[in-house]
Each structure stands twice: as C-alpha cells, then as structure tokens.
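**Q** Mind looking over this structure? Questions follow.
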Amino acid sequence: MKKNPIVLLVFMLVGLVIGGIIGDLLGGLVPVLNYSKSIGVDPFTLDMAIMTLTLGFRMTINLAGVIGLLIGLFIYSKF
C-alpha cells in the first residue's frame, strides 16, 4: 500500500495542534511542556498606490506540540 503525503501532513498537523492544546492546559502543572519558540516572518506592508498588501506569518510551537507531532509521525508509520 502506497502512503499518501497528504495523510502524513494531516497526522502531523493534528498531532501538533492536540499537543499544543495539551501543553497549554498542563503548562501550570508541568512547566517544561509549555516551553515554546516562535518562528516566522514579521508582517510587512507593500503599498501600491491603489492597494495596500500586508503579509506575514508567525507560529508558536511548544514542547508538547513537538511531542504530539512525533506521535503523529509514529502513528502514520504504523498506519
């Protein structure tokens, strides 16, 4: 059976989101799970006389989210 990369992406994103939520909820009890880093590009504005376009991307990932991502990868590999 051929593995679908879209399914891999879904497993990774679901693991990251669920892990992030768990990290936020349990951050008071286990502070190391709430340790996070922010990555991305700061917003910048492109002003062209008739329109203004602002682009940017920022994502904050905590340790529990990374653990969730790894669990998602593990589940995908067994799937």
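Chain identifiers are assigned as A, B, and so on, following the order in which chains appear in the structure tokens; residues are numbered from 1 within each chain, and ligands are numbered from 1 in order of appearance.
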Among region 12-77 of chain A, which residues does DSSP mark as strand (DSSP E or B) when it is run on the backbone? Keep the chain and numbering as in the structure and answer as a VMD selection string.

**A** chain A and resid 36 to 48 51 to 62

**Q** Give me the residues near Ile75 (chain A) as JSON, numbers by chain, where near means some atom within 12 Å (using only C-alpha atoms) and where sequence neighbours in that chain fewer than 6 positions away do not count.

**A** {"A": [7, 8, 10, 11, 12, 14, 15, 68, 69]}

**Q** Take the selection from the previous step and output its residues with all heavy atoms, as a short mmCIF file (atom, residue, chain, number, x, y, z; two decimals), in the first residue's frame.

**A**
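Okay, part-v4.cif is ready:
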```cif
data_model
loop_
_atom_site.label_atom_id
_atom_site.label_comp_id
_atom_site.auth_asym_id
_atom_site.auth_seq_id
_atom_site.Cartn_x
_atom_site.Cartn_y
_atom_site.Cartn_z
N VAL A 7 -2.01 12.56 3.87
CA VAL A 7 -2.37 11.93 5.14
C VAL A 7 -1.26 12.19 6.16
O VAL A 7 -1.54 12.45 7.33
CB VAL A 7 -2.63 10.42 4.95
CG1 VAL A 7 -2.87 9.73 6.27
CG2 VAL A 7 -3.79 10.20 4.00
N LEU A 8 0.00 12.13 5.74
CA LEU A 8 1.12 12.44 6.63
C LEU A 8 0.99 13.87 7.17
O LEU A 8 1.15 14.10 8.37
CB LEU A 8 2.45 12.27 5.90
CG LEU A 8 3.70 12.73 6.64
CD1 LEU A 8 3.89 11.94 7.92
CD2 LEU A 8 4.92 12.64 5.74
N VAL A 10 -1.70 15.67 7.48
CA VAL A 10 -2.84 15.73 8.40
C VAL A 10 -2.45 15.17 9.76
O VAL A 10 -2.75 15.77 10.79
CB VAL A 10 -4.06 14.99 7.81
CG1 VAL A 10 -5.14 14.81 8.86
CG2 VAL A 10 -4.60 15.74 6.61
N PHE A 11 -1.78 14.01 9.79
CA PHE A 11 -1.35 13.42 11.06
C PHE A 11 -0.41 14.36 11.80
O PHE A 11 -0.52 14.53 13.02
CB PHE A 11 -0.67 12.07 10.83
CG PHE A 11 -1.60 10.90 10.80
CD1 PHE A 11 -2.14 10.47 9.60
CD2 PHE A 11 -1.94 10.22 11.95
CE1 PHE A 11 -3.00 9.39 9.55
CE2 PHE A 11 -2.80 9.15 11.93
CZ PHE A 11 -3.34 8.72 10.72
N MET A 12 0.52 15.00 11.09
CA MET A 12 1.46 15.91 11.72
C MET A 12 0.74 17.14 12.29
O MET A 12 1.02 17.55 13.43
CB MET A 12 2.54 16.33 10.72
CG MET A 12 3.50 15.23 10.37
SD MET A 12 4.62 15.62 9.03
CE MET A 12 5.39 17.10 9.60
N VAL A 14 -2.49 17.48 13.09
CA VAL A 14 -3.37 17.10 14.20
C VAL A 14 -2.55 16.85 15.46
O VAL A 14 -2.91 17.31 16.55
CB VAL A 14 -4.23 15.87 13.83
CG1 VAL A 14 -4.92 15.30 15.04
CG2 VAL A 14 -5.24 16.24 12.76
N GLY A 15 -1.43 16.16 15.33
CA GLY A 15 -0.55 15.93 16.48
C GLY A 15 -0.01 17.22 17.05
O GLY A 15 0.05 17.41 18.27
N GLY A 68 3.57 15.87 20.30
CA GLY A 68 2.38 15.46 19.56
C GLY A 68 2.68 15.22 18.09
O GLY A 68 2.17 14.28 17.49
N LEU A 69 3.51 16.07 17.49
CA LEU A 69 3.92 15.89 16.10
C LEU A 69 4.65 14.57 15.92
O LEU A 69 4.40 13.83 14.97
CB LEU A 69 4.81 17.06 15.68
CG LEU A 69 5.23 17.06 14.24
CD1 LEU A 69 4.99 18.43 13.63
CD2 LEU A 69 6.68 16.72 14.11
#
```

**Q** Taking 5 positions as the minimum chain separation for residues in the same chain, which residues sit within 7 Å of region 34-51 of chain A when counting only C-alpha atoms? Answer as a ChimeraX atom specification.

**A** /A:23-24,27,56-64

**Q** For CA of Pro5 (chain A) and CA of Leu55 (chain A), quote the distance in Å rounded to one decimal.

**A** 27.3 Å

**Q** Can you list, as a PyMOL selection string, every residue of region 38-71 of chain A that DSSP puts in alpha helix (DSSP H)?

**A** chain A and resi 63-71

**Q** When distances are computed from only C-alpha atoms, which of A:Ile22, A:Asn4, A:Leu9, A:Gly28 shows the smallest separation from Ile67 (chain A)?

**A** A:Ile22

**Q** Using only C-alpha atoms, which residue out of A:Leu53, A:Val32, A:Ile71, A:Val66 lies closest to Gly20 (chain A)?

**A**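 Residue with the minimum atom-to-atom distance to Gly20 (chain A): A:Val66.
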